[in-house]
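Text of entry17.cif, listed as mmCIF, C-alpha atoms and all ligand atoms; chains and numbers go by the auth columns:
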data_start
loop_
_atom_site.group_PDB
_atom_site.id
_atom_site.type_symbol
_atom_site.label_atom_id
_atom_site.label_comp_id
_atom_site.label_asym_id
_atom_site.label_seq_id
_atom_site.Cartn_x
_atom_site.Cartn_y
_atom_site.Cartn_z
_atom_site.B_iso_or_equiv
_atom_site.auth_seq_id
_atom_site.auth_asym_id
ATOM 1 C CA MET A 1 6.125 22.757 -9.942 0.00 1 A
ATOM 2 C CA LYS A 2 4.657 20.130 -7.668 0.00 2 A
ATOM 3 C CA PRO A 3 5.999 16.569 -7.937 0.00 3 A
ATOM 4 C CA ILE A 4 3.728 14.247 -9.935 0.00 4 A
ATOM 5 C CA ILE A 5 2.534 11.293 -7.881 0.00 5 A
ATOM 6 C CA GLY A 6 1.102 8.293 -9.732 0.00 6 A
ATOM 7 C CA ILE A 7 -1.742 6.564 -7.874 0.00 7 A
ATOM 8 C CA THR A 8 -2.804 3.053 -8.904 0.00 8 A
ATOM 9 C CA THR A 9 -6.515 2.313 -9.260 0.00 9 A
ATOM 10 C CA PHE A 10 -9.056 -0.478 -8.732 0.00 10 A
ATOM 11 C CA ASN A 11 -10.664 -2.569 -11.443 0.00 11 A
ATOM 12 C CA GLU A 12 -14.344 -2.216 -10.632 0.00 12 A
ATOM 13 C CA SER A 13 -17.174 -3.843 -12.541 0.00 13 A
ATOM 14 C CA LYS A 14 -20.577 -2.302 -11.976 0.00 14 A
ATOM 15 C CA PRO A 15 -23.772 -3.567 -13.633 0.00 15 A
ATOM 16 C CA ARG A 16 -23.592 -1.245 -16.627 0.00 16 A
ATOM 17 C CA LYS A 17 -19.951 -0.169 -16.871 0.00 17 A
ATOM 18 C CA ASP A 18 -16.422 -0.967 -15.741 0.00 18 A
ATOM 19 C CA TYR A 19 -14.405 1.604 -13.788 0.00 19 A
ATOM 20 C CA ASN A 20 -10.841 2.335 -12.739 0.00 20 A
ATOM 21 C CA SER A 21 -11.356 4.174 -9.486 0.00 21 A
ATOM 22 C CA VAL A 22 -9.731 4.926 -6.163 0.00 22 A
ATOM 23 C CA SER A 23 -10.797 6.380 -2.808 0.00 23 A
ATOM 24 C CA ARG A 24 -10.572 10.175 -2.813 0.00 24 A
ATOM 25 C CA ASN A 25 -8.729 10.027 0.504 0.00 25 A
ATOM 26 C CA TYR A 26 -5.543 8.904 -1.311 0.00 26 A
ATOM 27 C CA ILE A 27 -5.925 11.872 -3.639 0.00 27 A
ATOM 28 C CA ARG A 28 -6.657 14.329 -0.815 0.00 28 A
ATOM 29 C CA SER A 29 -3.720 13.106 1.262 0.00 29 A
ATOM 30 C CA ILE A 30 -1.271 13.536 -1.632 0.00 30 A
ATOM 31 C CA GLN A 31 -2.727 17.015 -2.282 0.00 31 A
ATOM 32 C CA LEU A 32 -2.472 17.943 1.415 0.00 32 A
ATOM 33 C CA ALA A 33 1.188 16.924 1.336 0.00 33 A
ATOM 34 C CA GLY A 34 1.914 19.114 -1.705 0.00 34 A
ATOM 35 C CA GLY A 35 1.954 16.518 -4.500 0.00 35 A
ATOM 36 C CA LEU A 36 0.090 16.506 -7.817 0.00 36 A
ATOM 37 C CA PRO A 37 -1.925 13.273 -7.995 0.00 37 A
ATOM 38 C CA VAL A 38 -2.274 11.449 -11.325 0.00 38 A
ATOM 39 C CA LEU A 39 -4.450 8.343 -11.456 0.00 39 A
ATOM 40 C CA ILE A 40 -2.986 5.402 -13.332 0.00 40 A
ATOM 41 C CA PRO A 41 -5.590 3.182 -15.019 0.00 41 A
ATOM 42 C CA VAL A 42 -5.258 -0.599 -15.083 0.00 42 A
ATOM 43 C CA ALA A 43 -4.234 -1.065 -18.703 0.00 43 A
ATOM 44 C CA ASN A 44 -1.676 -3.615 -19.663 0.00 44 A
ATOM 45 C CA ILE A 45 0.165 -1.577 -22.287 0.00 45 A
ATOM 46 C CA GLU A 46 3.930 -1.964 -21.973 0.00 46 A
ATOM 47 C CA GLU A 47 4.728 1.346 -23.686 0.00 47 A
ATOM 48 C CA ASP A 48 2.393 3.308 -21.399 0.00 48 A
ATOM 49 C CA LEU A 49 3.815 1.669 -18.350 0.00 49 A
ATOM 50 C CA LEU A 50 7.330 2.805 -19.303 0.00 50 A
ATOM 51 C CA GLN A 51 6.097 6.333 -19.964 0.00 51 A
ATOM 52 C CA TYR A 52 4.303 6.566 -16.627 0.00 52 A
ATOM 53 C CA VAL A 53 7.460 5.573 -14.796 0.00 53 A
ATOM 54 C CA LYS A 54 9.462 8.164 -16.754 0.00 54 A
ATOM 55 C CA GLN A 55 7.033 11.018 -16.206 0.00 55 A
ATOM 56 C CA ILE A 56 5.957 10.578 -12.600 0.00 56 A
ATOM 57 C CA ASP A 57 8.164 11.481 -9.630 0.00 57 A
ATOM 58 C CA GLY A 58 6.854 8.760 -7.342 0.00 58 A
ATOM 59 C CA ILE A 59 4.181 6.087 -7.145 0.00 59 A
ATOM 60 C CA LEU A 60 1.554 5.142 -4.590 0.00 60 A
ATOM 61 C CA PHE A 61 0.301 1.544 -4.702 0.00 61 A
ATOM 62 C CA THR A 62 -3.176 1.591 -3.198 0.00 62 A
ATOM 63 C CA GLY A 63 -5.473 -0.878 -1.432 0.00 63 A
ATOM 64 C CA GLY A 64 -7.939 -3.252 -3.048 0.00 64 A
ATOM 65 C CA GLU A 65 -8.359 -6.799 -4.218 0.00 65 A
ATOM 66 C CA ASP A 66 -6.466 -9.817 -2.866 0.00 66 A
ATOM 67 C CA ILE A 67 -3.301 -10.581 -4.823 0.00 67 A
ATOM 68 C CA SER A 68 -3.528 -13.971 -6.492 0.00 68 A
ATOM 69 C CA PRO A 69 -1.494 -16.479 -4.427 0.00 69 A
ATOM 70 C CA LEU A 70 -0.328 -17.991 -7.722 0.00 70 A
ATOM 71 C CA TYR A 71 2.231 -15.154 -7.748 0.00 71 A
ATOM 72 C CA TYR A 72 3.823 -16.530 -4.591 0.00 72 A
ATOM 73 C CA GLY A 73 3.595 -20.189 -5.459 0.00 73 A
ATOM 74 C CA GLU A 74 0.377 -21.179 -3.669 0.00 74 A
ATOM 75 C CA ASN A 75 -3.124 -22.147 -4.660 0.00 75 A
ATOM 76 C CA PRO A 76 -5.997 -20.249 -3.015 0.00 76 A
ATOM 77 C CA ILE A 77 -7.454 -21.303 0.304 0.00 77 A
ATOM 78 C CA LYS A 78 -11.237 -21.011 0.641 0.00 78 A
ATOM 79 C CA GLU A 79 -11.019 -17.680 2.506 0.00 79 A
ATOM 80 C CA LEU A 80 -9.369 -15.846 -0.391 0.00 80 A
ATOM 81 C CA THR A 81 -11.744 -13.178 -1.723 0.00 81 A
ATOM 82 C CA LEU A 82 -11.911 -11.089 -4.909 0.00 82 A
ATOM 83 C CA THR A 83 -8.837 -11.135 -7.173 0.00 83 A
ATOM 84 C CA SER A 84 -7.971 -9.298 -10.406 0.00 84 A
ATOM 85 C CA SER A 85 -5.273 -10.963 -12.494 0.00 85 A
ATOM 86 C CA GLU A 86 -5.242 -7.964 -14.826 0.00 86 A
ATOM 87 C CA ARG A 87 -4.472 -5.552 -11.977 0.00 87 A
ATOM 88 C CA ASP A 88 -1.953 -7.962 -10.432 0.00 88 A
ATOM 89 C CA GLU A 89 -0.023 -8.324 -13.647 0.00 89 A
ATOM 90 C CA TYR A 90 -0.028 -4.614 -14.419 0.00 90 A
ATOM 91 C CA GLU A 91 0.977 -3.485 -10.934 0.00 91 A
ATOM 92 C CA LEU A 92 3.726 -6.095 -10.634 0.00 92 A
ATOM 93 C CA LYS A 93 5.249 -4.825 -13.899 0.00 93 A
ATOM 94 C CA LEU A 94 4.777 -1.210 -12.832 0.00 94 A
ATOM 95 C CA PHE A 95 6.433 -1.930 -9.506 0.00 95 A
ATOM 96 C CA LYS A 96 9.413 -3.608 -11.151 0.00 96 A
ATOM 97 C CA LYS A 97 10.026 -0.645 -13.485 0.00 97 A
ATOM 98 C CA ALA A 98 9.577 1.859 -10.655 0.00 98 A
ATOM 99 C CA TYR A 99 11.840 -0.159 -8.344 0.00 99 A
ATOM 100 C CA ASP A 100 14.570 -0.544 -10.984 0.00 100 A
ATOM 101 C CA SER A 101 14.422 3.219 -11.630 0.00 101 A
ATOM 102 C CA SER A 102 14.623 3.870 -7.851 0.00 102 A
ATOM 103 C CA LEU A 103 11.427 5.899 -7.993 0.00 103 A
ATOM 104 C CA PRO A 104 10.071 6.708 -4.507 0.00 104 A
ATOM 105 C CA ILE A 105 7.397 4.103 -3.698 0.00 105 A
ATOM 106 C CA LEU A 106 4.665 4.109 -1.062 0.00 106 A
ATOM 107 C CA GLY A 107 2.455 1.029 -0.686 0.00 107 A
ATOM 108 C CA ILE A 108 -0.741 0.985 1.361 0.00 108 A
ATOM 109 C CA CYS A 109 -2.669 -2.190 2.403 0.00 109 A
ATOM 110 C CA ARG A 110 -2.740 -4.200 -0.851 0.00 110 A
ATOM 111 C CA GLY A 111 0.230 -1.959 -1.751 0.00 111 A
ATOM 112 C CA ILE A 112 2.509 -3.353 0.996 0.00 112 A
ATOM 113 C CA GLN A 113 1.450 -6.848 -0.057 0.00 113 A
ATOM 114 C CA LEU A 114 2.187 -6.109 -3.706 0.00 114 A
ATOM 115 C CA ILE A 115 5.666 -4.794 -2.835 0.00 115 A
ATOM 116 C CA ASN A 116 6.363 -7.926 -0.817 0.00 116 A
ATOM 117 C CA VAL A 117 5.161 -10.360 -3.485 0.00 117 A
ATOM 118 C CA ALA A 118 7.005 -8.451 -6.242 0.00 118 A
ATOM 119 C CA LEU A 119 10.230 -8.866 -4.250 0.00 119 A
ATOM 120 C CA GLY A 120 9.719 -12.616 -3.797 0.00 120 A
ATOM 121 C CA GLY A 121 7.877 -12.672 -0.456 0.00 121 A
ATOM 122 C CA THR A 122 4.681 -14.478 0.551 0.00 122 A
ATOM 123 C CA LEU A 123 1.382 -13.518 2.215 0.00 123 A
ATOM 124 C CA TYR A 124 -1.050 -14.918 4.720 0.00 124 A
ATOM 125 C CA GLN A 125 -3.989 -15.505 2.385 0.00 125 A
ATOM 126 C CA ASP A 126 -6.255 -15.090 5.405 0.00 126 A
ATOM 127 C CA ILE A 127 -4.964 -14.145 8.844 0.00 127 A
ATOM 128 C CA ASN A 128 -7.852 -15.771 10.760 0.00 128 A
ATOM 129 C CA ALA A 129 -7.495 -19.067 8.949 0.00 129 A
ATOM 130 C CA GLN A 130 -3.700 -19.222 8.941 0.00 130 A
ATOM 131 C CA LEU A 131 -2.378 -17.499 12.067 0.00 131 A
ATOM 132 C CA THR A 132 -3.469 -18.964 15.405 0.00 132 A
ATOM 133 C CA GLY A 133 -3.818 -16.316 18.095 0.00 133 A
ATOM 134 C CA SER A 134 -4.155 -13.418 15.695 0.00 134 A
ATOM 135 C CA LEU A 135 -6.224 -10.468 16.902 0.00 135 A
ATOM 136 C CA GLY A 136 -8.741 -8.265 15.068 0.00 136 A
ATOM 137 C CA HIS A 137 -7.642 -6.611 11.811 0.00 137 A
ATOM 138 C CA LEU A 138 -10.878 -6.228 9.872 0.00 138 A
ATOM 139 C CA PRO A 139 -13.657 -4.401 11.747 0.00 139 A
ATOM 140 C CA ALA A 140 -15.765 -4.151 8.603 0.00 140 A
ATOM 141 C CA GLU A 141 -18.454 -1.965 10.225 0.00 141 A
ATOM 142 C CA ASN A 142 -16.026 0.662 11.545 0.00 142 A
ATOM 143 C CA PRO A 143 -15.719 4.089 9.947 0.00 143 A
ATOM 144 C CA VAL A 144 -12.485 4.167 7.940 0.00 144 A
ATOM 145 C CA ASN A 145 -10.960 6.857 10.168 0.00 145 A
ATOM 146 C CA GLU A 146 -11.469 4.902 13.416 0.00 146 A
ATOM 147 C CA LEU A 147 -8.288 4.016 15.317 0.00 147 A
ATOM 148 C CA TYR A 148 -8.487 0.288 16.044 0.00 148 A
ATOM 149 C CA HIS A 149 -5.233 -1.395 17.139 0.00 149 A
ATOM 150 C CA THR A 150 -1.693 -0.417 18.111 0.00 150 A
ATOM 151 C CA ILE A 151 1.509 -0.954 16.188 0.00 151 A
ATOM 152 C CA ASP A 152 5.070 -0.832 17.483 0.00 152 A
ATOM 153 C CA LEU A 153 7.630 0.915 15.322 0.00 153 A
ATOM 154 C CA ASN A 154 11.180 -0.331 14.856 0.00 154 A
ATOM 155 C CA LYS A 155 13.319 2.533 16.195 0.00 155 A
ATOM 156 C CA LYS A 156 15.890 2.032 13.446 0.00 156 A
ATOM 157 C CA SER A 157 13.307 2.470 10.676 0.00 157 A
ATOM 158 C CA LYS A 158 12.452 5.372 8.379 0.00 158 A
ATOM 159 C CA LEU A 159 8.887 5.029 9.625 0.00 159 A
ATOM 160 C CA TYR A 160 10.109 5.881 13.133 0.00 160 A
ATOM 161 C CA GLU A 161 12.111 8.826 11.780 0.00 161 A
ATOM 162 C CA ILE A 162 8.881 10.079 10.217 0.00 162 A
ATOM 163 C CA PHE A 163 6.557 9.675 13.195 0.00 163 A
ATOM 164 C CA ARG A 164 8.994 9.855 16.140 0.00 164 A
ATOM 165 C CA GLU A 165 6.663 7.606 18.146 0.00 165 A
ATOM 166 C CA GLY A 166 7.415 4.093 19.332 0.00 166 A
ATOM 167 C CA ARG A 167 3.751 3.141 19.323 0.00 167 A
ATOM 168 C CA LEU A 168 0.912 4.361 17.113 0.00 168 A
ATOM 169 C CA LYS A 169 -2.818 3.676 17.114 0.00 169 A
ATOM 170 C CA VAL A 170 -3.954 2.909 13.580 0.00 170 A
ATOM 171 C CA ASN A 171 -7.019 1.790 11.652 0.00 171 A
ATOM 172 C CA SER A 172 -7.074 -1.704 10.155 0.00 172 A
ATOM 173 C CA PHE A 173 -9.033 -3.151 7.239 0.00 173 A
ATOM 174 C CA HIS A 174 -7.207 -6.228 6.010 0.00 174 A
ATOM 175 C CA HIS A 175 -7.657 -9.991 6.154 0.00 175 A
ATOM 176 C CA GLN A 176 -4.285 -10.702 4.531 0.00 176 A
ATOM 177 C CA ALA A 177 -0.763 -9.733 5.607 0.00 177 A
ATOM 178 C CA VAL A 178 2.921 -10.094 4.760 0.00 178 A
ATOM 179 C CA LYS A 179 4.225 -13.550 5.802 0.00 179 A
ATOM 180 C CA ASP A 180 7.779 -14.228 4.536 0.00 180 A
ATOM 181 C CA LEU A 181 9.605 -10.990 3.729 0.00 181 A
ATOM 182 C CA GLY A 182 10.613 -10.176 0.157 0.00 182 A
ATOM 183 C CA ASN A 183 14.252 -9.581 -0.808 0.00 183 A
ATOM 184 C CA GLY A 184 15.778 -6.370 0.494 0.00 184 A
ATOM 185 C CA LEU A 185 12.887 -5.580 2.845 0.00 185 A
ATOM 186 C CA THR A 186 13.001 -5.036 6.595 0.00 186 A
ATOM 187 C CA VAL A 187 10.137 -4.839 9.096 0.00 187 A
ATOM 188 C CA SER A 188 9.385 -1.330 10.335 0.00 188 A
ATOM 189 C CA ALA A 189 6.175 -1.982 12.328 0.00 189 A
ATOM 190 C CA LEU A 190 4.430 -4.903 14.039 0.00 190 A
ATOM 191 C CA SER A 191 1.055 -5.290 15.722 0.00 191 A
ATOM 192 C CA SER A 192 0.984 -7.020 19.115 0.00 192 A
ATOM 193 C CA ASP A 193 0.002 -10.364 17.543 0.00 193 A
ATOM 194 C CA GLY A 194 3.098 -10.249 15.352 0.00 194 A
ATOM 195 C CA ILE A 195 1.468 -9.167 12.093 0.00 195 A
ATOM 196 C CA ILE A 196 3.796 -7.113 9.897 0.00 196 A
ATOM 197 C CA GLU A 197 2.239 -3.643 9.624 0.00 197 A
ATOM 198 C CA GLY A 198 5.155 -1.846 7.928 0.00 198 A
ATOM 199 C CA VAL A 199 8.113 -2.672 5.679 0.00 199 A
ATOM 200 C CA GLU A 200 10.828 -0.684 3.963 0.00 200 A
ATOM 201 C CA ALA A 201 13.804 -1.237 1.674 0.00 201 A
ATOM 202 C CA VAL A 202 17.058 -0.157 3.287 0.00 202 A
ATOM 203 C CA GLU A 203 19.038 0.120 0.064 0.00 203 A
ATOM 204 C CA LYS A 204 16.475 2.364 -1.659 0.00 204 A
ATOM 205 C CA ASP A 205 16.095 6.068 -0.895 0.00 205 A
ATOM 206 C CA TYR A 206 12.351 5.733 -0.385 0.00 206 A
ATOM 207 C CA LEU A 207 10.342 2.522 -0.398 0.00 207 A
ATOM 208 C CA ILE A 208 7.800 2.200 2.400 0.00 208 A
ATOM 209 C CA GLY A 209 4.824 -0.112 2.759 0.00 209 A
ATOM 210 C CA VAL A 210 2.178 0.084 5.473 0.00 210 A
ATOM 211 C CA GLN A 211 -0.642 -2.329 6.193 0.00 211 A
ATOM 212 C CA TRP A 212 -3.002 0.224 7.723 0.00 212 A
ATOM 213 C CA HIS A 213 -4.748 3.110 5.922 0.00 213 A
ATOM 214 C CA PRO A 214 -3.053 6.454 6.743 0.00 214 A
ATOM 215 C CA GLU A 215 -4.911 8.151 3.869 0.00 215 A
ATOM 216 C CA ASP A 216 -8.197 7.664 5.744 0.00 216 A
ATOM 217 C CA LEU A 217 -6.760 9.235 8.920 0.00 217 A
ATOM 218 C CA THR A 218 -5.091 12.420 7.655 0.00 218 A
ATOM 219 C CA LEU A 219 -8.108 14.719 8.066 0.00 219 A
ATOM 220 C CA ARG A 220 -9.085 13.565 11.557 0.00 220 A
ATOM 221 C CA TYR A 221 -5.534 12.894 12.814 0.00 221 A
ATOM 222 C CA PRO A 222 -3.061 15.301 11.159 0.00 222 A
ATOM 223 C CA LEU A 223 -0.147 13.230 12.532 0.00 223 A
ATOM 224 C CA PHE A 224 -0.597 10.856 9.611 0.00 224 A
ATOM 225 C CA ILE A 225 0.034 13.539 7.000 0.00 225 A
ATOM 226 C CA LYS A 226 3.705 13.224 7.982 0.00 226 A
ATOM 227 C CA LEU A 227 3.957 9.980 6.021 0.00 227 A
ATOM 228 C CA PHE A 228 2.618 11.607 2.854 0.00 228 A
ATOM 229 C CA GLU A 229 4.823 14.676 3.378 0.00 229 A
ATOM 230 C CA SER A 230 7.934 12.512 3.645 0.00 230 A
ATOM 231 C CA PHE A 231 6.903 10.654 0.478 0.00 231 A
ATOM 232 C CA VAL A 232 6.145 13.818 -1.528 0.00 232 A
ATOM 233 C CA LYS A 233 9.413 15.372 -0.289 0.00 233 A
ATOM 234 C CA ALA A 234 11.355 12.331 -1.540 0.00 234 A
ATOM 235 C CA CYS A 235 9.541 12.609 -4.894 0.00 235 A
ATOM 236 C CA ALA A 236 10.314 16.347 -5.128 0.00 236 A
ATOM 237 C CA SER A 237 14.013 15.877 -4.496 0.00 237 A
ATOM 238 C CA ARG A 238 14.560 13.503 -7.413 0.00 238 A
HETATM 239 MN MN MN B . -3.909 -4.449 11.133 0.00 1 B
#

File written out as structure tokens:
Amino acid sequence: MKPIIGITTFNESKPRKDYNSVSRNYIRSIQLAGGLPVLIPVANIEEDLLQYVKQIDGILFTGGEDISPLYYGENPIKELTLTSSERDEYELKLFKKAYDSSLPILGICRGIQLINVALGGTLYQDINAQLTGSLGHLPAENPVNELYHTIDLNKKSKLYEIFREGRLKVNSFHHQAVKDLGNGLTVSALSSDGIIEGVEAVEKDYLIGVQWHPEDLTLRYPLFIKLFESFVKACASR
């Protein structure tokens, strides 16, 4: 039996209907790594949330909307974009249950930010507006699998154990980033302008967040499947 990997979804309102959806690249990457993906809808039902956490073997928090800064004690600056309080609330609860059950957790883009906020950390609401000297992190016209900037990996991190490279070229599609670290987190990767591009929890068996989008790189650059393989392996060994 393959391990069941829960994947969180977007709240998307289209003219005629509302959707819970997610990029197929998350699904493909989990499949490539040997996991069985299960999409988790945004639905704030306490009982369901508990059952998901019981029945899945690990959870992937995906990219998407900005997290409301109200969750880290700030009001929005003008550069904040789309938020979804329903998704925020649901994912924060889901994270807490998963974290307390020591379920393997992988967070990507919004996912790393969600992990950080859930553990009491803060975010740059907008890197350009709030961090002088920051470099490019959101080439909106680039294909999603285009390598864009470098990151340096902390040699004592799990991320380094996974990739065995001190420096990686990654894609980048974010205007927000981790600012003050949440409780129990350490930095595993930094870009050259000092933006946190990876975090992990030392006291948990598997909790990794990355700010870039490895799921969009796995087909063109097989190196990145290693991250999903390590995650699925951790889920399988529970
Ligand atoms: Mn970046």

So which residues get picked by the PyMOL selection byres (((not hetatm)) within 6 of (chain B and resi 1)) here, written as JSON, numbers by chain?
{"A": [137, 172, 212]}

Might you spell out which residues the PyMOL selection byres (((chain A and resi 111-122) around 8) and not hetatm) would select in the displayed file, as an NGL selection string?
:A and (60-63 or 67 or 71-72 or 91-92 or 95-96 or 106-110 or 123-124 or 177-185 or 198-199 or 208-211)

Evaluate the PyMOL selection byres (((chain A and resi 136) around 9) and not hetatm) against this structure - the residues, as a PyMOL selection string, please.
chain A and resi 128+134-135+137-139+148-149+172

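CA of Leu227 in chain A is found 15.8 Å from CA of Asp152 in chain A.
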
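With only C-alpha atoms as the atoms that count, the residue of A:Lys2, A:Val187, A:Asp66, A:Lys97 with the shortest distance to Leu32 in chain A is A:Lys2.
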
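The interatomic distance for the pair CA of Glu165 in chain A and CA of Ser188 in chain A works out to 12.2 Å.
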
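Distance annotation: of A:Lys226, A:Lys233, A:Lys204, A:Arg87, the residue with the minimal separation from Leu159 in chain A is A:Lys226; atom set is all atoms listed in the file.
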